[in-house]
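Undergrad: To be precise about what I am sending: the file is called query07.cif and holds mmCIF, C-alpha atoms (C1' of nucleotides).
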data_model
#
loop_
_atom_site.label_atom_id
_atom_site.label_comp_id
_atom_site.auth_asym_id
_atom_site.auth_seq_id
_atom_site.Cartn_x
_atom_site.Cartn_y
_atom_site.Cartn_z
CA MET A 1 -33.61 -89.65 -19.20
CA ASN A 2 -34.06 -86.53 -21.29
CA GLU A 3 -37.71 -85.83 -20.57
CA LYS A 4 -38.71 -85.50 -24.24
CA GLY A 5 -37.50 -81.90 -24.58
CA LYS A 6 -37.75 -80.63 -28.12
CA ILE A 7 -34.69 -79.62 -30.06
CA PRO A 8 -34.71 -75.89 -30.86
CA GLU A 9 -35.13 -75.03 -34.53
CA SER A 10 -31.85 -73.15 -34.57
CA GLN A 11 -30.02 -76.18 -33.32
CA ILE A 12 -31.56 -78.36 -35.99
CA ALA A 13 -30.58 -75.87 -38.69
CA ALA A 14 -27.01 -75.74 -37.45
CA CYS A 15 -26.74 -79.50 -37.45
CA SER A 16 -28.36 -79.85 -40.85
CA LEU A 17 -25.72 -77.66 -42.42
CA ILE A 18 -23.10 -80.05 -41.25
CA PHE A 19 -25.01 -82.90 -42.88
CA LEU A 20 -23.89 -81.55 -46.23
CA PHE A 21 -20.48 -83.09 -45.87
CA LYS A 22 -20.12 -86.35 -47.64
CA TYR A 23 -18.72 -89.47 -46.19
CA LEU A 24 -17.43 -91.75 -48.87
CA ARG A 25 -16.17 -95.27 -48.88
CA GLY A 26 -13.88 -97.12 -51.18
CA MET A 27 -16.41 -98.47 -53.60
CA LEU A 28 -17.67 -96.55 -56.54
CA SER A 29 -21.19 -95.43 -55.76
CA LYS A 30 -24.10 -96.46 -57.92
CA LYS A 31 -24.66 -92.82 -58.62
CA THR A 32 -21.27 -92.44 -60.26
CA LYS A 33 -21.53 -95.75 -62.03
CA TYR A 34 -24.95 -94.94 -63.48
CA GLY A 35 -23.90 -91.40 -64.29
CA ILE A 36 -20.92 -92.57 -66.32
CA LYS A 37 -23.03 -95.17 -68.09
CA ALA A 38 -25.66 -92.59 -68.95
CA LEU A 39 -23.11 -90.15 -70.29
CA ALA A 40 -21.50 -92.86 -72.38
CA PHE A 41 -24.92 -93.84 -73.68
CA ILE A 42 -25.69 -90.32 -74.77
CA ALA A 43 -22.23 -89.84 -76.25
CA SER A 44 -22.49 -93.04 -78.25
CA ARG A 45 -25.51 -91.77 -80.13
CA GLU A 46 -24.92 -90.90 -83.76
CA ASP A 47 -27.37 -88.03 -83.88
CA LYS A 48 -27.35 -85.16 -81.46
CA LYS A 49 -31.01 -85.24 -80.57
CA PRO A 50 -32.06 -85.24 -76.90
CA VAL A 51 -32.17 -88.64 -75.24
CA GLN A 52 -35.01 -89.42 -72.85
CA THR A 53 -34.26 -90.51 -69.32
CA SER A 54 -36.63 -93.43 -69.75
CA GLU A 55 -34.71 -94.76 -72.75
CA ILE A 56 -31.42 -94.73 -70.87
CA ALA A 57 -33.01 -96.26 -67.79
CA LYS A 58 -34.44 -99.11 -69.81
CA SER A 59 -31.34 -99.80 -71.84
CA GLU A 60 -28.93 -99.63 -68.91
CA ASN A 61 -31.16 -101.23 -66.28
CA ILE A 62 -31.25 -98.22 -64.02
CA SER A 63 -34.14 -97.17 -61.78
CA LEU A 64 -35.90 -94.36 -63.61
CA LYS A 65 -36.34 -92.09 -60.65
CA PHE A 66 -32.80 -92.53 -59.47
CA LEU A 67 -31.46 -91.82 -62.94
CA GLU A 68 -33.59 -88.69 -63.10
CA SER A 69 -31.81 -87.23 -60.11
CA ILE A 70 -28.41 -88.14 -61.51
CA LEU A 71 -29.02 -86.57 -64.90
CA LEU A 72 -30.34 -83.51 -63.18
CA SER A 73 -27.14 -83.06 -61.24
CA LEU A 74 -25.12 -83.61 -64.41
CA ARG A 75 -27.11 -80.87 -66.05
CA LYS A 76 -26.51 -78.53 -63.15
CA SER A 77 -22.81 -79.30 -63.33
CA GLY A 78 -22.70 -78.22 -66.93
CA PHE A 79 -22.20 -81.57 -68.65
CA LEU A 80 -25.68 -81.89 -70.06
CA GLY A 81 -28.32 -79.64 -71.52
CA SER A 82 -31.98 -80.47 -71.30
CA LYS A 83 -35.13 -79.87 -73.22
CA LYS A 84 -38.54 -80.24 -71.65
CA GLY A 85 -41.75 -81.47 -73.19
CA LYS A 86 -42.41 -83.89 -76.00
CA GLY A 87 -39.31 -84.89 -77.87
CA GLY A 88 -37.25 -83.50 -75.02
CA GLY A 89 -34.47 -85.11 -73.08
CA TYR A 90 -30.80 -84.64 -72.31
CA TYR A 91 -27.93 -83.91 -74.66
CA LEU A 92 -24.22 -83.26 -74.35
CA ILE A 93 -23.14 -79.66 -74.24
CA GLN A 94 -19.48 -80.27 -74.98
CA GLU A 95 -17.81 -82.63 -77.43
CA PRO A 96 -17.18 -86.08 -75.88
CA GLU A 97 -13.45 -85.87 -76.58
CA ASN A 98 -13.24 -82.77 -74.42
CA ILE A 99 -14.86 -84.30 -71.35
CA LYS A 100 -12.25 -85.85 -69.12
CA MET A 101 -13.33 -88.52 -66.71
CA THR A 102 -11.59 -86.72 -63.85
CA SER A 103 -14.19 -83.97 -63.95
CA VAL A 104 -17.07 -86.42 -64.29
CA VAL A 105 -15.94 -88.44 -61.29
CA ARG A 106 -15.30 -85.32 -59.22
CA VAL A 107 -18.83 -84.10 -59.80
CA LEU A 108 -20.57 -87.41 -59.21
CA GLU A 109 -18.39 -89.05 -56.58
CA GLY A 110 -16.55 -86.20 -54.95
CA PRO A 111 -12.85 -86.34 -54.10
CA ILE A 112 -10.73 -88.75 -56.07
CA ALA A 113 -8.08 -89.01 -53.36
CA MET A 114 -8.55 -91.74 -50.78
CA VAL A 115 -7.71 -89.48 -47.87
CA PRO A 116 -8.56 -85.79 -47.59
CA CYS A 117 -4.98 -84.87 -46.76
CA VAL A 118 -3.83 -85.74 -50.28
CA SER A 119 -6.83 -84.32 -52.11
CA LEU A 120 -6.13 -81.58 -54.62
CA ASN A 121 -9.67 -80.21 -54.71
CA TYR A 122 -10.96 -81.12 -51.29
CA TYR A 123 -7.86 -80.87 -49.13
CA GLU A 124 -8.19 -81.18 -45.40
CA LYS A 125 -5.56 -81.71 -42.78
CA CYS A 126 -5.77 -84.90 -40.76
CA SER A 127 -6.62 -84.11 -37.17
CA ASP A 128 -4.52 -86.96 -35.84
CA CYS A 129 -1.44 -86.53 -37.98
CA PRO A 130 1.14 -84.01 -36.75
CA ASP A 131 3.40 -84.03 -39.81
CA GLU A 132 2.46 -84.96 -43.35
CA ALA A 133 6.06 -85.10 -44.48
CA THR A 134 6.75 -88.13 -42.34
CA CYS A 135 3.34 -89.78 -42.59
CA SER A 136 3.53 -93.16 -44.22
CA VAL A 137 -0.10 -93.18 -45.28
CA HIS A 138 0.23 -89.75 -46.82
CA ALA A 139 3.23 -90.76 -48.89
CA LEU A 140 1.49 -93.86 -50.16
CA MET A 141 -1.81 -92.22 -50.95
CA ILE A 142 -0.14 -89.40 -52.88
CA GLN A 143 1.13 -92.05 -55.26
CA VAL A 144 -2.25 -93.74 -55.53
CA ARG A 145 -3.95 -90.44 -56.18
CA ASP A 146 -1.52 -89.50 -58.94
CA SER A 147 -1.84 -92.80 -60.73
CA THR A 148 -5.62 -92.63 -60.56
CA LEU A 149 -5.66 -89.06 -61.81
CA ASN A 150 -3.46 -90.20 -64.63
CA VAL A 151 -5.92 -92.84 -65.73
CA LEU A 152 -9.03 -90.72 -65.33
CA GLY A 153 -7.40 -87.75 -67.02
CA GLY A 154 -6.31 -89.94 -69.90
CA ASN A 155 -9.83 -91.10 -70.65
CA THR A 156 -12.54 -88.97 -72.18
CA LEU A 157 -16.18 -89.64 -72.82
CA TYR A 158 -15.23 -90.31 -76.42
CA ASP A 159 -13.09 -93.26 -75.33
CA LEU A 160 -15.87 -94.71 -73.20
CA ALA A 161 -18.42 -94.30 -75.95
CA ARG A 162 -16.18 -96.29 -78.28
CA VAL A 163 -16.13 -99.18 -75.81
CA LYS A 164 -19.90 -99.11 -75.77
CA LYS A 165 -20.24 -99.14 -79.53
CA LYS A 166 -17.79 -102.01 -79.93
CA ALA A 167 -20.74 -104.38 -79.65
CA MET B 1 -35.69 -68.16 -30.39
CA ASN B 2 -35.18 -70.89 -27.84
CA GLU B 3 -38.24 -70.40 -25.75
CA LYS B 4 -38.79 -74.14 -25.80
CA GLY B 5 -36.43 -74.67 -22.89
CA LYS B 6 -32.98 -76.12 -22.54
CA ILE B 7 -31.29 -78.26 -25.13
CA PRO B 8 -30.92 -81.78 -23.77
CA GLU B 9 -27.32 -82.67 -23.04
CA SER B 10 -27.61 -85.68 -25.27
CA GLN B 11 -28.56 -83.52 -28.24
CA ILE B 12 -25.63 -81.24 -27.73
CA ALA B 13 -23.38 -84.25 -27.61
CA ALA B 14 -24.95 -85.62 -30.79
CA CYS B 15 -24.41 -82.37 -32.65
CA SER B 16 -20.81 -82.18 -31.53
CA LEU B 17 -20.26 -85.67 -32.84
CA ILE B 18 -21.74 -84.77 -36.18
CA PHE B 19 -19.45 -81.80 -36.38
CA LEU B 20 -16.50 -84.11 -35.97
CA PHE B 21 -17.50 -86.06 -39.04
CA LYS B 22 -16.60 -83.12 -41.16
CA TYR B 23 -13.00 -83.96 -40.51
CA LEU B 24 -13.41 -87.67 -40.89
CA ARG B 25 -14.59 -88.07 -44.45
CA GLY B 26 -12.44 -89.94 -46.89
CA MET B 27 -12.49 -93.14 -48.80
CA LEU B 28 -9.83 -94.99 -46.90
CA SER B 29 -11.27 -96.33 -43.67
CA LYS B 30 -9.74 -95.37 -40.37
CA LYS B 31 -9.05 -98.99 -39.80
CA THR B 32 -6.80 -99.22 -42.82
CA LYS B 33 -5.20 -95.89 -42.15
CA TYR B 34 -4.38 -96.75 -38.55
CA GLY B 35 -3.31 -100.24 -39.49
CA ILE B 36 -0.79 -98.97 -42.01
CA LYS B 37 0.49 -96.38 -39.56
CA ALA B 38 0.91 -98.98 -36.87
CA LEU B 39 2.77 -101.36 -39.17
CA ALA B 40 5.04 -98.56 -40.32
CA PHE B 41 5.64 -97.61 -36.71
CA ILE B 42 6.68 -101.13 -35.80
CA ALA B 43 8.77 -101.50 -38.94
CA SER B 44 10.62 -98.26 -38.28
CA ARG B 45 11.97 -99.53 -34.99
CA GLU B 46 15.66 -100.30 -34.95
CA ASP B 47 15.43 -103.21 -32.55
CA LYS B 48 13.14 -106.14 -33.05
CA LYS B 49 11.60 -106.10 -29.62
CA PRO B 50 7.82 -106.24 -29.26
CA VAL B 51 6.06 -102.88 -29.41
CA GLN B 52 3.23 -102.17 -27.00
CA THR B 53 -0.17 -101.20 -28.30
CA SER B 54 -0.30 -98.31 -25.88
CA GLU B 55 2.94 -96.88 -27.21
CA ILE B 56 1.68 -96.90 -30.79
CA ALA B 57 -1.69 -95.48 -29.77
CA LYS B 58 -0.04 -92.61 -27.95
CA SER B 59 2.50 -91.82 -30.63
CA GLU B 60 0.05 -92.02 -33.54
CA ASN B 61 -3.00 -90.54 -31.80
CA ILE B 62 -5.15 -93.62 -32.15
CA SER B 63 -7.85 -94.80 -29.75
CA LEU B 64 -6.28 -97.59 -27.73
CA LYS B 65 -9.21 -99.97 -27.89
CA PHE B 66 -9.71 -99.45 -31.60
CA LEU B 67 -6.03 -100.03 -32.27
CA GLU B 68 -6.17 -103.21 -30.22
CA SER B 69 -8.74 -104.68 -32.57
CA ILE B 70 -6.77 -103.64 -35.63
CA LEU B 71 -3.51 -105.15 -34.42
CA LEU B 72 -5.40 -108.27 -33.51
CA SER B 73 -6.67 -108.71 -37.03
CA LEU B 74 -3.20 -108.05 -38.40
CA ARG B 75 -1.86 -110.79 -36.18
CA LYS B 76 -4.53 -113.19 -37.33
CA SER B 77 -3.73 -112.34 -40.93
CA GLY B 78 -0.13 -113.33 -40.42
CA PHE B 79 1.54 -109.94 -40.51
CA LEU B 80 2.29 -109.66 -36.84
CA GLY B 81 3.32 -111.91 -34.01
CA SER B 82 2.57 -111.11 -30.41
CA LYS B 83 4.05 -111.68 -27.02
CA LYS B 84 1.97 -111.51 -23.88
CA GLY B 85 2.84 -110.38 -20.40
CA LYS B 86 5.25 -107.79 -19.15
CA GLY B 87 7.55 -106.53 -21.88
CA GLY B 88 5.27 -108.03 -24.48
CA GLY B 89 3.76 -106.46 -27.56
CA TYR B 90 3.56 -106.90 -31.30
CA TYR B 91 6.37 -107.54 -33.75
CA LEU B 92 6.73 -108.15 -37.46
CA ILE B 93 6.90 -111.74 -38.57
CA GLN B 94 8.29 -111.07 -42.03
CA GLU B 95 10.94 -108.63 -43.16
CA PRO B 96 9.46 -105.20 -44.01
CA GLU B 97 10.82 -105.34 -47.55
CA ASN B 98 8.81 -108.48 -48.19
CA ILE B 99 5.47 -107.03 -47.14
CA LYS B 100 3.74 -105.47 -50.11
CA MET B 101 1.09 -102.86 -49.46
CA THR B 102 -1.32 -104.69 -51.73
CA SER B 103 -1.67 -107.48 -49.20
CA VAL B 104 -1.92 -105.09 -46.28
CA VAL B 105 -4.69 -103.08 -47.92
CA ARG B 106 -6.55 -106.22 -48.98
CA VAL B 107 -6.62 -107.51 -45.42
CA LEU B 108 -7.59 -104.23 -43.78
CA GLU B 109 -9.80 -102.57 -46.39
CA GLY B 110 -10.98 -105.42 -48.56
CA PRO B 111 -11.11 -105.22 -52.34
CA ILE B 112 -8.81 -102.74 -54.03
CA ALA B 113 -10.99 -102.47 -57.13
CA MET B 114 -13.67 -99.81 -57.11
CA VAL B 115 -16.33 -102.08 -58.58
CA PRO B 116 -16.67 -105.81 -57.83
CA CYS B 117 -16.78 -106.69 -61.53
CA VAL B 118 -13.12 -105.73 -61.96
CA SER B 119 -11.88 -107.18 -58.69
CA LEU B 120 -9.24 -109.89 -58.93
CA ASN B 121 -9.80 -111.30 -55.45
CA TYR B 122 -13.43 -110.44 -54.81
CA TYR B 123 -14.98 -110.70 -58.27
CA GLU B 124 -18.72 -110.39 -58.61
CA LYS B 125 -20.78 -109.91 -61.72
CA CYS B 126 -22.83 -106.76 -61.89
CA SER B 127 -26.51 -107.59 -61.73
CA ASP B 128 -27.46 -104.76 -64.04
CA CYS B 129 -24.76 -105.10 -66.65
CA PRO B 130 -25.42 -107.59 -69.46
CA ASP B 131 -22.00 -107.49 -71.10
CA GLU B 132 -18.72 -106.51 -69.47
CA ALA B 133 -16.93 -106.27 -72.81
CA THR B 134 -18.98 -103.27 -73.86
CA CYS B 135 -19.40 -101.69 -70.43
CA SER B 136 -17.81 -98.27 -70.26
CA VAL B 137 -17.46 -98.31 -66.49
CA HIS B 138 -15.84 -101.73 -66.58
CA ALA B 139 -13.28 -100.60 -69.12
CA LEU B 140 -12.39 -97.53 -67.12
CA MET B 141 -12.22 -99.22 -63.75
CA ILE B 142 -9.95 -101.97 -65.05
CA GLN B 143 -7.42 -99.27 -65.79
CA VAL B 144 -7.85 -97.62 -62.41
CA ARG B 145 -7.47 -100.95 -60.67
CA ASP B 146 -4.28 -101.82 -62.53
CA SER B 147 -2.64 -98.50 -61.83
CA THR B 148 -3.54 -98.72 -58.15
CA LEU B 149 -2.26 -102.28 -57.92
CA ASN B 150 0.93 -101.07 -59.52
CA VAL B 151 1.46 -98.44 -56.86
CA LEU B 152 0.51 -100.61 -53.91
CA GLY B 153 2.53 -103.54 -55.23
CA GLY B 154 5.53 -101.28 -55.73
CA ASN B 155 5.57 -100.17 -52.12
CA THR B 156 6.62 -102.32 -49.20
CA LEU B 157 6.56 -101.69 -45.49
CA TYR B 158 10.25 -100.95 -45.76
CA ASP B 159 9.50 -97.99 -48.01
CA LEU B 160 6.88 -96.62 -45.65
CA ALA B 161 9.11 -97.04 -42.63
CA ARG B 162 11.77 -94.97 -44.39
CA VAL B 163 9.29 -92.12 -44.84
CA LYS B 164 8.54 -92.26 -41.15
CA LYS B 165 12.17 -92.18 -40.08
CA LYS B 166 12.96 -89.24 -42.33
CA ALA B 167 12.06 -86.91 -39.47
"C1'" DT C 1 2.62 -116.69 -5.38
"C1'" DT C 2 0.94 -112.62 -6.73
"C1'" DA C 3 0.03 -108.60 -9.12
"C1'" DA C 4 0.84 -105.98 -13.01
"C1'" DA C 5 1.20 -105.79 -17.81
"C1'" DA C 6 -0.46 -107.10 -21.96
"C1'" DC C 7 -3.34 -109.58 -25.04
"C1'" DC C 8 -8.11 -111.24 -26.37
"C1'" DC C 9 -13.16 -111.17 -27.08
"C1'" DT C 10 -18.02 -109.77 -27.44
"C1'" DA C 11 -21.58 -106.68 -27.64
"C1'" DT C 12 -23.59 -102.49 -28.47
"C1'" DC C 13 -24.31 -97.83 -29.95
"C1'" DG C 14 -25.21 -93.47 -32.34
"C1'" DG C 15 -25.11 -91.46 -36.58
"C1'" DT C 16 -24.27 -91.24 -41.75
"C1'" DT C 17 -24.73 -92.52 -46.46
"C1'" DT C 18 -26.72 -95.04 -50.07
"C1'" DA C 19 -30.08 -96.17 -53.20
"C1'" DG C 20 -33.82 -95.69 -53.98
"C1'" DT C 21 -39.62 -94.58 -53.76
"C1'" DA C 22 -43.54 -91.61 -54.01
"C1'" DG C 23 -45.96 -87.90 -55.65
"C1'" DG C 24 -46.45 -83.68 -57.45
"C1'" DT C 25 -45.15 -79.29 -60.61
"C1'" DT C 26 -43.62 -76.95 -64.69
"C1'" DA C 27 -42.50 -76.36 -69.47
"C1'" DT C 28 -42.99 -77.66 -74.30
"C1'" DA C 29 -44.38 -79.67 -78.74
"C1'" DA C 30 -47.94 -81.38 -81.48
"C1'" DT D 1 -55.49 -78.52 -75.02
"C1'" DT D 2 -53.30 -82.52 -74.10
"C1'" DA D 3 -49.66 -85.65 -73.74
"C1'" DT D 4 -44.98 -85.74 -72.70
"C1'" DA D 5 -40.84 -85.31 -70.24
"C1'" DA D 6 -37.95 -82.64 -67.36
"C1'" DC D 7 -37.90 -80.85 -62.65
"C1'" DC D 8 -38.51 -80.68 -57.59
"C1'" DT D 9 -39.36 -82.11 -52.63
"C1'" DA D 10 -39.66 -85.24 -49.11
"C1'" DC D 11 -39.05 -89.49 -47.11
"C1'" DT D 12 -37.11 -94.26 -45.82
"C1'" DA D 13 -34.95 -99.03 -44.98
"C1'" DA D 14 -30.77 -101.04 -44.78
"C1'" DA D 15 -25.99 -101.13 -44.41
"C1'" DC D 16 -21.99 -99.57 -42.47
"C1'" DC D 17 -18.38 -97.12 -39.68
"C1'" DG D 18 -15.88 -95.45 -35.79
"C1'" DA D 19 -15.83 -95.94 -31.33
"C1'" DT D 20 -16.84 -97.50 -26.58
"C1'" DA D 21 -17.52 -100.61 -22.72
"C1'" DG D 22 -16.34 -104.03 -20.03
"C1'" DG D 23 -14.99 -107.94 -19.17
"C1'" DG D 24 -11.93 -111.72 -19.56
"C1'" DT D 25 -7.30 -114.61 -20.07
"C1'" DT D 26 -2.45 -115.33 -20.24
"C1'" DT D 27 2.28 -114.37 -19.27
"C1'" DT D 28 6.04 -112.67 -16.77
"C1'" DA D 29 8.81 -110.12 -13.27
"C1'" DA D 30 9.54 -109.62 -8.62
#
Reformat the file's structure so that it appears as structure tokens.

TA:
Amino acid sequence: MNEKGKIPESQIAACSLIFLFKYLRGMLSKKTKYGIKALAFIASREDKKPVQTSEIAKSENISLKFLESILLSLRKSGFLGSKKGKGGGYYLIQEPENIKMTSVVRVLEGPIAMVPCVSLNYYEKCSDCPDEATCSVHALMIQVRDSTLNVLGGNTLYDLARVKKKA
Amino acid sequence: MNEKGKIPESQIAACSLIFLFKYLRGMLSKKTKYGIKALAFIASREDKKPVQTSEIAKSENISLKFLESILLSLRKSGFLGSKKGKGGGYYLIQEPENIKMTSVVRVLEGPIAMVPCVSLNYYEKCSDCPDEATCSVHALMIQVRDSTLNVLGGNTLYDLARVKKKA
DNA sequence: TTAAAACCCTATCGGTTTAGTAGGTTATAA
DNA sequence: TTATAACCTACTAAACCGATAGGGTTTTAA
């Protein structure tokens, strides 16, 4: 059919840019799940010394390499600091009680809203929907978003760390 | 740049498709979104006569064939009845005020919970998590689930139809 | 009876995201 | 200098989604 013609570099680059957009489904991704667990693990520590990735991975049953990439992105987002070399690891930059779960979820998972047209931080108009004011899905999802934001905003890393230490 | 020759038609088509995905991301599936819209459309009708798939598809900008499969599954789930032949279509079996959005979402989307270990109807133990009582993610997602259930359970098809008719 | 309208079913496809794996590089403390 | 641990890049198998295609079957009006 298409005689094996190569795709021009420019075309590949253009398409690759578009790949950046995320496509998310209803379930919480492992990335977010592990990220929250790791943060809670670090926050539940009495001392403030750096925690090694390997220790978290072992304790929380997370693939080491996968966890590495998650902690890295948490560091780049400003939640964690890191220290290289022996005795290094990751540590919290802010106090646990000041870290709301809304911001954690937004960084790890992306939009909290279930449809882009009700997203506060990632808003996008639906292509198929002519009028949001009379859209049934829009009206419903606004409510879902607000109640979720309420829960996530009402929980901090301090709260989650307490659950962990309850044991 | 493009001295390699022409870009195959198929590649252009592929890239165009990818571009479309930018506008499609979101956690709620199209199936659920369209399904809710279709139900609201039918519920907002004054008369109780069957509504044709083609009419809904046109009015709500939904692919006809895709909508067909959605309405079919809604019929099989007991939300809709159908009438074949000329003047046929789909109609609600129950009164709109008796149809909670929780049941609609469960049928179309599946579990409402964001992790299986907090799902009421689709519970599954996490393989990696030894103890739910001290799991930070579990504790958080229980709250998210309950608030979402609260919203979805508090809305019926009657409520959504009212939003639609507001126009 | 016949043809149109409408429902029903199956199969397939292209493309994306997830959840990793593998392997190497850089910085730091002892 | 050497062991340690963070950091970086590239790749992949599997699952899944939205959509399409194309054919049926059934019912009803004329």

Undergrad: I need the contact residues of chain A against chain D, so if you could list those with any atom within 12 Å, counting only C-alpha atoms (C1' of nucleotides), and return them as a list in words, that would help.

TA: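 Per the criterion, chain A yields Tyr23, Leu24, Arg25, Pro50, Val51, Gln52, Thr53, Ser54, Glu55, Lys65, Glu68, Ser69, Leu71, Leu72, Ser73, Arg75, Lys76, Gly81, Ser82, Lys83, Lys84, Gly85, Lys86, Gly87, Gly88, Gly89 and Tyr90 of chain A.
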
Undergrad: B:Ile93, B:Ala161, B:Ile99, B:Leu120: which is nearest chain A, counting all atoms listed in the file?

TA: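 Of B:Ile93, B:Ala161, B:Ile99, B:Leu120, the one nearest chain A is B:Ala161, counting all atoms listed in the file.
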
Undergrad: So, with only C-alpha atoms as the atoms that count, which of B:Ser44, B:Ser29, B:Ser77, B:Ser103 lies closest to chain A?

TA: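 When distances to chain A are compared using only C-alpha atoms, the smallest one comes from B:Ser29.
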
Undergrad: For the atom pair CA of Thr134 (chain A) and CA of Lys165 (chain B), what is the interatomic distance in Å to one decimal place?

TA: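 According to the coordinates, CA of Thr134 (chain A) and CA of Lys165 (chain B) are separated by 7.1 Å.
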
Undergrad: With all C-alpha atoms matched in order and chain B superposed on chain A by least squares, what's the RMSD to one decimal?

TA: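 Here the RMSD amounts to 7.4 Å.
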
Undergrad: Selection in question (the file shown): the PyMOL selection byres ((chain B) within 6 of (chain A)). Which residues does it include, as an NGL selection string?

TA: :B and (2 or 25-28 or 61 or 114 or 128 or 134-136 or 144 or 147-148 or 160 or 163-164)

Undergrad: With the file shown as input, list the residues that the PyMOL selection byres ((chain C) within 9 of (chain A)) selects, as a list of chain:residue names.

TA: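 Output of the PyMOL selection byres ((chain C) within 9 of (chain A)): C:DT16, C:DT17, C:DT18, C:DA19, C:DG20, C:DT21, C:DA27, C:DT28, C:DA29, C:DA30.
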